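Q: Here it is, the structure, as structure tokens.
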Amino acid sequence: MIKVMLHGCNGKMGRVVTEICKEETGMEIVAGIDFYDGIQNDYPVFPNISVCDVKADVVIDFSNAKAVDDLLVYCADKQIPVVLCTTGLEEEQLKRVKATAEKTAVLKSANMSMGINLLLSLLKKAAAILAPAGYDMEIVEKHHNQKLDAPSGTALALADSMNEALSNVYTYKYDRSLERKKRDRYEIGISTVRGGSIVGEHEVIFAGLDEVITFEHTAYSRNVFAKGAIEAAKFLAGKPAGMYDMSDVMKETV
């Protein structure tokens with residue numbers, strides 16, 4: 001039985017993970033961390049991870065950037081593997097993530113969806129073929145009006161996957177209103193939409209001469225991210241210290 005600590009258990013994603021875990025065999029949430037205590041859970045909930053006295057095999061984190069620092073300290077100290085799903089981390093925090101991975105297993109992904117992670121692989125192949133042939137690359141991402149970070153971590157991950165296939169010579173363009181000039185060949189445009197209750201939509205466009213090739217991914221509910229995080233926790237429990245991502249999970253499931 002894999003014992004899970006759910007960091008951010010009473011948030012929107014935390015509640016989805018809680019419900020899906022009820023149907024999982026071989027996995028149990030034994031403790032939750034959340035400053036909001038207005039929700040009745042089947043496991044003990046602590047306001048801060050530093051005061052949690054319940055032992056767990058792995059932590060699933062769906063909290064916020066402000067809570068990640070304490071999480072990393074705890075996991076490094078206790079040597080507990082952590083599935084880090086929170087996005088919008090600052091550079092200093094990303095350095096702490098890497099430092100934590102020297103002491104325990106850390107799986108970090110901008111998006112926990114299995115579909116998105118398959119798309120990352122497909123985009124590398126597409127970019128390597130189409131960009132040298134003169135195709136322009138653009139990304140449009142759409143999310144609900146409560147999302148704080150923009151562009152999304154997933155949009156940046158998609159851009160990074162294409163850029164890596166092209167020796168990282170492309171720059172990212174977020175706003176075309178600041179200057180009047182033709183599009184630079186070596187740029188990837190990233191546009192952001194925020195509105196309503198959109199769970200998550202990402203469109204990647206390869207625009208060439210008289211031809212457009214589009215890759216799209218749409219998340220219809222948060223279940224896809226929760227299920228991905230649960231699969232990641234199953235994979236990460238018991239793993240040695242180091243940095244992992246969803247591609248490692250997918251290799252094991254194939």
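Every chain in the structure tokens has a letter given in the order shown (A, B, ...), and although residue numbers restart at 1 in each chain, ligands are simply numbered from 1 in the order shown.
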Tell me, as a list in words, which residues lie within 12 Å of stretch 143-145 of chain A, counting only C-alpha atoms; anything in the same chain fewer than 3 positions away does not count.

A: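 Residues near the query, excluding close chain neighbours: Val140, Leu148, Asp149, Ala150, Pro151, Ser152, Gly153, Thr154, Ala155, Ser191, Thr192, Val193, Arg194, Gly195, Gly196, Ser197, Ile198, Val199, Gly200, Glu201, His202, Thr218, Ala219, Tyr220, Ser221 and Arg222 of chain A.
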
Q: If you run DSSP on this backbone, which residues of stretch 50-230 of chain A come out as alpha helix (DSSP H), and could you give them as a VMD selection string?

A: chain A and resid 65 to 78 91 to 100 114 to 130 153 to 164 223 to 230

Q: Give me a file of those residues, with C-alpha atoms, as a PDB file, in the first residue's frame.

A:
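Saved file selection.pdb follows:
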ATOM      1  CA  ALA A  65       4.226  28.789  -5.203  1.00  0.00           C
ATOM      2  CA  LYS A  66       4.309  30.346  -1.724  1.00  0.00           C
ATOM      3  CA  ALA A  67       3.899  26.944  -0.054  1.00  0.00           C
ATOM      4  CA  VAL A  68       6.551  25.148  -2.099  1.00  0.00           C
ATOM      5  CA  ASP A  69       9.572  26.335  -0.091  1.00  0.00           C
ATOM      6  CA  ASP A  70       8.403  24.653   3.141  1.00  0.00           C
ATOM      7  CA  LEU A  71       7.462  21.553   1.135  1.00  0.00           C
ATOM      8  CA  LEU A  72      10.956  21.220  -0.331  1.00  0.00           C
ATOM      9  CA  VAL A  73      12.610  21.634   3.073  1.00  0.00           C
ATOM     10  CA  TYR A  74      10.359  18.938   4.555  1.00  0.00           C
ATOM     11  CA  CYS A  75      10.854  16.433   1.733  1.00  0.00           C
ATOM     12  CA  ALA A  76      14.627  16.922   1.699  1.00  0.00           C
ATOM     13  CA  ASP A  77      14.828  16.526   5.470  1.00  0.00           C
ATOM     14  CA  LYS A  78      12.576  13.447   5.599  1.00  0.00           C
ATOM     15  CA  GLU A  91      14.125  30.974 -10.548  1.00  0.00           C
ATOM     16  CA  GLU A  92      15.328  30.708  -6.941  1.00  0.00           C
ATOM     17  CA  GLN A  93      12.665  28.130  -6.204  1.00  0.00           C
ATOM     18  CA  LEU A  94      13.640  26.103  -9.267  1.00  0.00           C
ATOM     19  CA  LYS A  95      17.197  26.036  -7.928  1.00  0.00           C
ATOM     20  CA  ARG A  96      15.849  24.713  -4.606  1.00  0.00           C
ATOM     21  CA  VAL A  97      13.942  22.029  -6.499  1.00  0.00           C
ATOM     22  CA  LYS A  98      17.192  20.824  -8.070  1.00  0.00           C
ATOM     23  CA  ALA A  99      18.940  20.934  -4.692  1.00  0.00           C
ATOM     24  CA  THR A 100      16.116  18.892  -3.140  1.00  0.00           C
ATOM     25  CA  MET A 114      -0.470  11.897 -20.214  1.00  0.00           C
ATOM     26  CA  GLY A 115      -1.757  13.426 -23.468  1.00  0.00           C
ATOM     27  CA  ILE A 116       0.252  16.628 -23.057  1.00  0.00           C
ATOM     28  CA  ASN A 117       3.388  14.660 -22.338  1.00  0.00           C
ATOM     29  CA  LEU A 118       2.881  12.607 -25.482  1.00  0.00           C
ATOM     30  CA  LEU A 119       2.404  15.892 -27.357  1.00  0.00           C
ATOM     31  CA  LEU A 120       5.752  17.170 -26.067  1.00  0.00           C
ATOM     32  CA  SER A 121       7.440  14.250 -27.777  1.00  0.00           C
ATOM     33  CA  LEU A 122       5.516  14.701 -31.031  1.00  0.00           C
ATOM     34  CA  LEU A 123       6.329  18.420 -31.184  1.00  0.00           C
ATOM     35  CA  LYS A 124      10.055  17.768 -31.031  1.00  0.00           C
ATOM     36  CA  LYS A 125       9.802  15.646 -34.168  1.00  0.00           C
ATOM     37  CA  ALA A 126       7.540  18.149 -35.932  1.00  0.00           C
ATOM     38  CA  ALA A 127       9.729  21.147 -35.098  1.00  0.00           C
ATOM     39  CA  ALA A 128      12.907  19.394 -36.247  1.00  0.00           C
ATOM     40  CA  ILE A 129      11.350  18.833 -39.677  1.00  0.00           C
ATOM     41  CA  LEU A 130       9.138  21.893 -40.197  1.00  0.00           C
ATOM     42  CA  GLY A 153       3.704  26.385 -17.521  1.00  0.00           C
ATOM     43  CA  THR A 154       2.418  23.942 -20.115  1.00  0.00           C
ATOM     44  CA  ALA A 155       2.710  26.500 -22.928  1.00  0.00           C
ATOM     45  CA  LEU A 156       6.303  27.158 -21.932  1.00  0.00           C
ATOM     46  CA  ALA A 157       7.005  23.422 -21.788  1.00  0.00           C
ATOM     47  CA  LEU A 158       5.604  23.017 -25.308  1.00  0.00           C
ATOM     48  CA  ALA A 159       7.787  25.862 -26.541  1.00  0.00           C
ATOM     49  CA  ASP A 160      10.816  24.410 -24.768  1.00  0.00           C
ATOM     50  CA  SER A 161      10.294  21.016 -26.370  1.00  0.00           C
ATOM     51  CA  MET A 162      10.345  22.566 -29.835  1.00  0.00           C
ATOM     52  CA  ASN A 163      13.260  24.829 -29.013  1.00  0.00           C
ATOM     53  CA  GLU A 164      15.327  21.934 -27.682  1.00  0.00           C
ATOM     54  CA  ASN A 223      -9.426  14.589 -13.682  1.00  0.00           C
ATOM     55  CA  VAL A 224      -6.723  14.207 -16.351  1.00  0.00           C
ATOM     56  CA  PHE A 225      -4.204  16.106 -14.223  1.00  0.00           C
ATOM     57  CA  ALA A 226      -5.159  14.296 -11.027  1.00  0.00           C
ATOM     58  CA  LYS A 227      -4.920  10.880 -12.659  1.00  0.00           C
ATOM     59  CA  GLY A 228      -1.523  11.760 -14.083  1.00  0.00           C
ATOM     60  CA  ALA A 229      -0.281  12.858 -10.662  1.00  0.00           C
ATOM     61  CA  ILE A 230      -1.497   9.616  -9.106  1.00  0.00           C
TER      62      ILE A 230
END

Q: Hey, could you make a per-residue contact list for stretch 32-72 of chain A against stretch 234-247 of chain A with 9 Å as the cut-off, showing the nearest pair of atoms and its distance in Å to one decimal, counting only C-alpha atoms, sorted by chain and number, as CSV?

A:
residue,atom,partner,partner_atom,distance
A:Asp57,CA,A:Ala237,CA,6.0
A:Val58,CA,A:Ala237,CA,5.6
A:Val59,CA,A:Ala237,CA,9.0

Q: Go ahead and write the selection's residues with all heavy atoms as a PDB file, in the first residue's frame.

A:
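Saved the output as part-v6.pdb:
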ATOM      1  N   ASP A  57       4.816   7.644   2.073  1.00  0.00           N
ATOM      2  CA  ASP A  57       5.797   7.143   1.115  1.00  0.00           C
ATOM      3  C   ASP A  57       6.104   8.153   0.018  1.00  0.00           C
ATOM      4  O   ASP A  57       7.173   8.126  -0.590  1.00  0.00           O
ATOM      5  CB  ASP A  57       5.279   5.861   0.457  1.00  0.00           C
ATOM      6  CG  ASP A  57       5.012   4.760   1.470  1.00  0.00           C
ATOM      7  OD1 ASP A  57       5.896   4.511   2.312  1.00  0.00           O
ATOM      8  OD2 ASP A  57       3.921   4.164   1.420  1.00  0.00           O
ATOM      9  N   VAL A  58       5.144   9.042  -0.240  1.00  0.00           N
ATOM     10  CA  VAL A  58       5.299  10.014  -1.322  1.00  0.00           C
ATOM     11  C   VAL A  58       4.347  11.181  -1.081  1.00  0.00           C
ATOM     12  O   VAL A  58       3.290  11.016  -0.468  1.00  0.00           O
ATOM     13  CB  VAL A  58       5.022   9.351  -2.697  1.00  0.00           C
ATOM     14  CG1 VAL A  58       3.593   8.835  -2.774  1.00  0.00           C
ATOM     15  CG2 VAL A  58       5.335  10.289  -3.847  1.00  0.00           C
ATOM     16  N   VAL A  59       4.743  12.361  -1.553  1.00  0.00           N
ATOM     17  CA  VAL A  59       3.898  13.558  -1.456  1.00  0.00           C
ATOM     18  C   VAL A  59       3.425  13.938  -2.852  1.00  0.00           C
ATOM     19  O   VAL A  59       4.212  13.951  -3.806  1.00  0.00           O
ATOM     20  CB  VAL A  59       4.665  14.746  -0.838  1.00  0.00           C
ATOM     21  CG1 VAL A  59       3.781  15.997  -0.816  1.00  0.00           C
ATOM     22  CG2 VAL A  59       5.144  14.415   0.561  1.00  0.00           C
TER      23      VAL A  59
END

Q: Go through A:Ala232, A:Met250, A:Met13, A:Met137 and flag the residue nearest A:Ala207, using only C-alpha atoms for the distances.

A: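 Checking each candidate against A:Ala207, we get A:Met137 as the closest.
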
Q: Taking only C-alpha atoms into account, name the residue in A:Cys21, A:Met27, A:Ile190, A:Val106 that is nearest to A:Asp61.

A: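 When distances to A:Asp61 are compared using only C-alpha atoms, the smallest one comes from A:Val106.
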
Q: For each of A:Met5, A:Arg15, A:Gln40, A:Val82, take the minimum atom-to-atom distance to A:Lys55, counting only C-alpha atoms, then give the residue where this is smallest.

A: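 Under the stated criterion, the closest residue is A:Met5.
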
Q: Find, counting only C-alpha atoms, the residue in A:Ala56, A:Ile2, A:Ile29, A:Ala133 that gets nearest to A:Gly14.

A: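 With only C-alpha atoms as the atom set, the closest residue is A:Ile29.
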
Q: Which value, in Å to one decimal, gives the distance between atom CA of A:Val54 and atom CA of A:Val30?

A: 7.2 Å

Q: Please provide the set of residues having any atom within 7 Å of A:Phe206, restricted to only C-alpha atoms, with same-chain residues fewer than 4 positions apart removed, written as a short mmCIF file (atom, residue, chain, number, x, y, z; two decimals) with N, CA, C and O atoms, in the first residue's frame.

A:
data_model
loop_
_atom_site.label_atom_id
_atom_site.label_comp_id
_atom_site.auth_asym_id
_atom_site.auth_seq_id
_atom_site.Cartn_x
_atom_site.Cartn_y
_atom_site.Cartn_z
N TYR A 135 8.70 27.01 -41.58
CA TYR A 135 7.40 27.12 -40.91
C TYR A 135 7.54 27.95 -39.63
O TYR A 135 8.45 27.73 -38.84
N ASP A 136 6.61 28.90 -39.46
CA ASP A 136 6.55 29.69 -38.23
C ASP A 136 5.81 28.90 -37.16
O ASP A 136 4.86 28.19 -37.44
N MET A 137 6.24 29.07 -35.91
CA MET A 137 5.66 28.31 -34.80
C MET A 137 4.98 29.26 -33.81
O MET A 137 5.60 30.23 -33.34
N GLU A 138 3.73 28.98 -33.50
CA GLU A 138 2.94 29.80 -32.57
C GLU A 138 2.19 28.89 -31.61
O GLU A 138 1.76 27.79 -31.98
N VAL A 212 -0.93 25.01 -43.17
CA VAL A 212 -0.91 25.14 -41.71
C VAL A 212 -1.14 23.78 -41.07
O VAL A 212 -2.08 23.06 -41.44
N ILE A 213 -0.27 23.42 -40.15
CA ILE A 213 -0.40 22.17 -39.41
C ILE A 213 -0.62 22.53 -37.95
O ILE A 213 0.13 23.32 -37.38
N THR A 214 -1.66 21.95 -37.34
CA THR A 214 -2.04 22.32 -35.98
C THR A 214 -2.10 21.09 -35.08
O THR A 214 -2.66 20.06 -35.46
#
